[in-house]
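Okay, start.tsv is below, TSV, C-alpha atoms:
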chain	number	residue	atom	x	y	z
A	1	MET	CA	1.01	-39.83	-3.59
A	2	ASP	CA	4.34	-39.67	-1.76
A	3	VAL	CA	5.18	-36.07	-0.87
A	4	ARG	CA	8.41	-34.65	0.51
A	5	LEU	CA	9.97	-31.24	0.98
A	6	VAL	CA	13.36	-30.40	-0.52
A	7	ARG	CA	15.08	-27.21	0.59
A	8	ALA	CA	15.60	-24.70	-2.21
A	9	GLY	CA	18.74	-22.60	-2.49
A	10	ILE	CA	19.70	-19.36	-4.16
A	11	GLU	CA	20.41	-21.29	-7.37
A	12	ASP	CA	16.70	-22.19	-7.47
A	13	ALA	CA	15.46	-18.58	-7.44
A	14	GLU	CA	14.42	-18.44	-11.09
A	15	LYS	CA	12.62	-21.80	-10.95
A	16	LEU	CA	10.78	-20.79	-7.76
A	17	TRP	CA	9.82	-17.44	-9.25
A	18	LYS	CA	8.49	-18.94	-12.50
A	19	MET	CA	6.48	-21.54	-10.59
A	20	GLN	CA	5.08	-18.89	-8.23
A	21	VAL	CA	4.01	-16.60	-11.09
A	22	THR	CA	2.28	-19.50	-12.85
A	23	ALA	CA	0.63	-20.81	-9.67
A	24	PHE	CA	-0.83	-17.43	-8.66
A	25	LYS	CA	-1.79	-16.16	-12.15
A	26	GLU	CA	-5.37	-17.41	-11.89
A	27	LEU	CA	-5.92	-15.59	-8.57
A	28	TYR	CA	-4.28	-12.45	-9.95
A	29	ASP	CA	-6.58	-12.52	-12.99
A	30	LYS	CA	-9.61	-12.98	-10.73
A	31	TYR	CA	-8.82	-10.32	-8.12
A	32	GLN	CA	-6.49	-7.89	-9.96
A	33	ASP	CA	-4.41	-7.57	-6.81
A	34	THR	CA	-1.30	-5.68	-7.83
A	35	GLU	CA	-0.41	-4.86	-4.20
A	36	THR	CA	0.13	-8.31	-2.64
A	37	SER	CA	-0.15	-10.95	-5.37
A	38	PRO	CA	2.80	-13.34	-5.59
A	39	ALA	CA	2.10	-13.43	-9.34
A	40	THR	CA	3.39	-9.87	-9.67
A	41	GLU	CA	6.49	-10.11	-7.49
A	42	PRO	CA	9.83	-9.57	-9.19
A	43	MET	CA	12.40	-12.36	-9.01
A	44	ASP	CA	14.58	-10.05	-6.88
A	45	LYS	CA	12.11	-10.50	-4.02
A	46	ILE	CA	12.57	-14.29	-4.13
A	47	ILE	CA	16.35	-13.82	-4.12
A	48	MET	CA	16.14	-11.43	-1.16
A	49	ARG	CA	14.05	-13.94	0.80
A	50	LEU	CA	16.36	-16.83	-0.06
A	51	GLU	CA	19.21	-14.79	1.42
A	52	GLN	CA	17.37	-14.23	4.71
A	53	PRO	CA	18.73	-16.51	7.45
A	54	PHE	CA	15.21	-17.08	8.81
A	55	THR	CA	13.57	-18.03	5.48
A	56	TYR	CA	13.23	-21.63	4.38
A	57	TYR	CA	11.93	-22.30	0.88
A	58	TYR	CA	11.06	-25.89	0.09
A	59	PHE	CA	10.00	-27.44	-3.17
A	60	ILE	CA	7.00	-29.70	-2.72
A	61	ILE	CA	8.09	-32.91	-4.42
A	62	ALA	CA	5.57	-35.54	-5.55
A	63	ASN	CA	6.51	-38.45	-7.80
A	64	ASN	CA	10.03	-36.96	-7.97
A	65	MET	CA	8.72	-33.73	-9.54
A	66	ALA	CA	8.57	-30.22	-8.09
A	67	ILE	CA	4.82	-29.58	-8.05
A	68	GLY	CA	4.83	-26.51	-5.82
A	69	ALA	CA	6.66	-24.75	-3.01
A	70	ILE	CA	6.26	-23.52	0.53
A	71	ARG	CA	8.13	-20.73	2.29
A	72	ILE	CA	8.55	-20.83	6.04
A	73	VAL	CA	9.67	-17.84	8.08
A	74	ASP	CA	11.18	-19.29	11.26
A	75	LYS	CA	13.42	-17.14	13.46
A	76	HIS	CA	13.92	-20.06	15.89
A	77	GLU	CA	13.09	-17.82	18.84
A	78	TYR	CA	10.87	-18.89	21.70
A	79	GLY	CA	7.50	-17.20	21.51
A	80	VAL	CA	8.05	-15.88	17.96
A	81	THR	CA	5.35	-17.08	15.59
A	82	LYS	CA	6.41	-18.98	12.47
A	83	ARG	CA	4.80	-17.98	9.19
A	84	ILE	CA	3.79	-19.74	5.98
A	85	SER	CA	4.03	-17.28	3.10
A	86	PRO	CA	3.38	-18.44	0.45
A	87	VAL	CA	2.42	-22.05	-0.17
A	88	PHE	CA	1.36	-23.09	-3.65
A	89	VAL	CA	0.71	-26.11	-5.83
A	90	MET	CA	0.83	-25.93	-9.60
A	91	PRO	CA	-2.67	-25.88	-11.17
A	92	GLU	CA	-2.48	-29.38	-12.67
A	93	TYR	CA	-1.74	-30.93	-9.23
A	94	ARG	CA	-4.38	-29.18	-7.14
A	95	ASN	CA	-7.22	-30.79	-5.18
A	96	ARG	CA	-5.18	-33.89	-4.31
A	97	GLY	CA	-4.29	-33.01	-0.70
A	98	LEU	CA	-0.71	-32.05	-1.64
A	99	ALA	CA	-0.71	-28.61	0.00
A	100	GLN	CA	-2.08	-30.19	3.17
A	101	LYS	CA	0.71	-32.79	3.16
A	102	ALA	CA	3.32	-30.10	2.54
A	103	ILE	CA	2.06	-27.99	5.46
A	104	LYS	CA	2.12	-31.03	7.75
A	105	LEU	CA	5.70	-31.78	6.70
A	106	ALA	CA	6.71	-28.15	7.31
A	107	GLU	CA	5.11	-28.26	10.75
A	108	GLU	CA	7.03	-31.47	11.52
A	109	LYS	CA	10.31	-29.78	10.49
A	110	HIS	CA	9.71	-26.47	12.27
A	111	GLY	CA	7.48	-27.42	15.21
A	112	CYS	CA	3.75	-27.96	15.41
A	113	SER	CA	2.76	-24.81	17.32
A	114	ASP	CA	2.87	-21.03	16.94
A	115	TRP	CA	2.06	-20.61	13.25
A	116	GLU	CA	0.35	-17.91	11.21
A	117	LEU	CA	-0.60	-17.35	7.60
A	118	ASP	CA	-3.01	-15.26	5.63
A	119	THR	CA	-5.21	-16.12	2.72
A	120	ILE	CA	-7.95	-14.66	0.57
A	121	LEU	CA	-11.23	-14.62	2.50
A	122	GLU	CA	-13.21	-15.06	-0.73
A	123	GLU	CA	-11.34	-18.31	-1.56
A	124	LYS	CA	-13.48	-20.66	0.52
A	125	GLY	CA	-11.42	-23.73	-0.44
A	126	ASN	CA	-8.27	-22.16	0.99
A	127	CYS	CA	-10.07	-21.16	4.19
A	128	TYR	CA	-11.48	-24.68	4.53
A	129	LEU	CA	-8.02	-26.25	4.07
A	130	TYR	CA	-6.43	-24.15	6.82
A	131	GLU	CA	-9.36	-24.54	9.22
A	132	LYS	CA	-9.36	-28.31	8.78
A	133	MET	CA	-5.65	-28.26	9.68
A	134	GLY	CA	-6.30	-26.47	12.97
A	135	TYR	CA	-5.75	-22.84	11.92
A	136	CYS	CA	-8.25	-20.30	13.27
A	137	GLN	CA	-9.20	-16.89	11.97
A	138	THR	CA	-7.90	-14.16	14.27
A	139	GLY	CA	-10.44	-11.53	13.28
A	140	GLU	CA	-7.74	-9.50	11.51
A	141	PHE	CA	-8.71	-8.57	7.96
A	142	LYS	CA	-7.03	-6.42	5.33
A	143	THR	CA	-9.12	-5.16	2.43
A	144	ILE	CA	-6.96	-5.19	-0.70
A	145	ASN	CA	-9.58	-3.99	-3.17
A	146	GLU	CA	-13.36	-4.19	-3.70
A	147	LYS	CA	-13.03	-7.86	-4.75
A	148	MET	CA	-10.55	-9.18	-2.20
A	149	THR	CA	-9.85	-9.28	1.54
A	150	LEU	CA	-6.96	-11.04	3.27
A	151	VAL	CA	-7.71	-12.87	6.52
A	152	LEU	CA	-5.11	-13.82	9.13
A	153	TYR	CA	-5.04	-17.34	10.56
A	154	LYS	CA	-3.12	-18.65	13.59
A	155	LYS	CA	-2.42	-22.09	14.98
A	156	ASN	CA	-1.11	-22.48	18.55
For the file at hand, write its structure as structure tokens.
Amino acid sequence: MDVRLVRAGIEDAEKLWKMQVTAFKELYDKYQDTETSPATEPMDKIIMRLEQPFTYYYFIIANNMAIGAIRIVDKHEYGVTKRISPVFVMPEYRNRGLAQKAIKLAEEKHGCSDWELDTILEEKGNCYLYEKMGYCQTGEFKTINEKMTLVLYKKN
């Protein structure tokens, strides 16, 4: 499946927000994470990020349809780590390698080194995806609740 990234603008805030809420609903239901879940973020937070000069939101486009999104935080400063937060694919398009392709495209656009992201330690599929792409656990963990821990990954 042909995948490309298309930069989102402020006019796309509502679409991004609705997609994000839908994409993360299943994880929210599973972990009841009201503190950090993208499923519970207000649309204002998306708008604020879109207005940041160092934030790049991209729709993940496959077969000419927006099937997910990825946000890159890139301050374009030497030695400053870039961050993926969040990346998501809509439920009906998962397990097809689309998130992996989107991350590769983002790395091509923003440089292949000095990246970080975090994910849910209990979601073994997510951990496997990032590890297979060269990301390594740093040993930093943040317990969110009794069901869920976030783990930090880096790629140099």
One-decimal distance in Å that lies between atom CA of Arg94 of chain A and atom CA of Leu5 of chain A: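 So the answer is 16.6 Å.
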Segment 35-51 of chain A surroundings by all atoms listed in the file, 8 Å radius, close-in-sequence under 2 positions cut, as a list in words: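 These residues fall inside the cut-off: Gly9, Ile10, Ala13, Glu14, Leu16, Trp17, Gln20, Val21, Thr22, Ala23, Phe24, Lys25, Tyr28, Asp33, Pro53, Thr55, Tyr56, Tyr57, Pro86 and Ile144 of chain A.
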Atom pair atom CA of His110 of chain A / atom CA of Thr138 of chain A: separation (Å):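 Computed distance, atom CA of His110 of chain A to atom CA of Thr138 of chain A, equals 21.6 Å.
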Nearest residue to Ile70 of chain A from the set A:Met148, A:Ala8, A:Leu121, A:Leu27 (distances using only C-alpha atoms):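 Counting only C-alpha atoms, the residue closest to Ile70 of chain A is A:Ala8.
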Distance query Thr149 of chain A at most 10 Å, all atoms listed in the file, self and fewer than 2 positions along chain excluded, as a list of chain:residue names: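 Skipping anything fewer than 2 positions along the chain leaves A:Tyr31, A:Asp118, A:Thr119, A:Ile120, A:Leu121, A:Glu122, A:Glu123, A:Phe141, A:Lys142, A:Thr143, A:Ile144, A:Asn145, A:Glu146, A:Lys147, A:Val151.
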Nearest-residue call for Arg4 of chain A, choices A:Gln137, A:Asn156, A:Asn64, A:Ser85, using all atoms listed in the file: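 Looking only at the distances to Arg4 of chain A, the closest residue turns out to be A:Asn64.
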Pick from A:Ile60, A:Met1, A:Ile72, A:Met65, whichever lies nearest to Ala99 of chain A using only C-alpha atoms: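 Distance minimum relative to Ala99 of chain A lands on A:Ile60.
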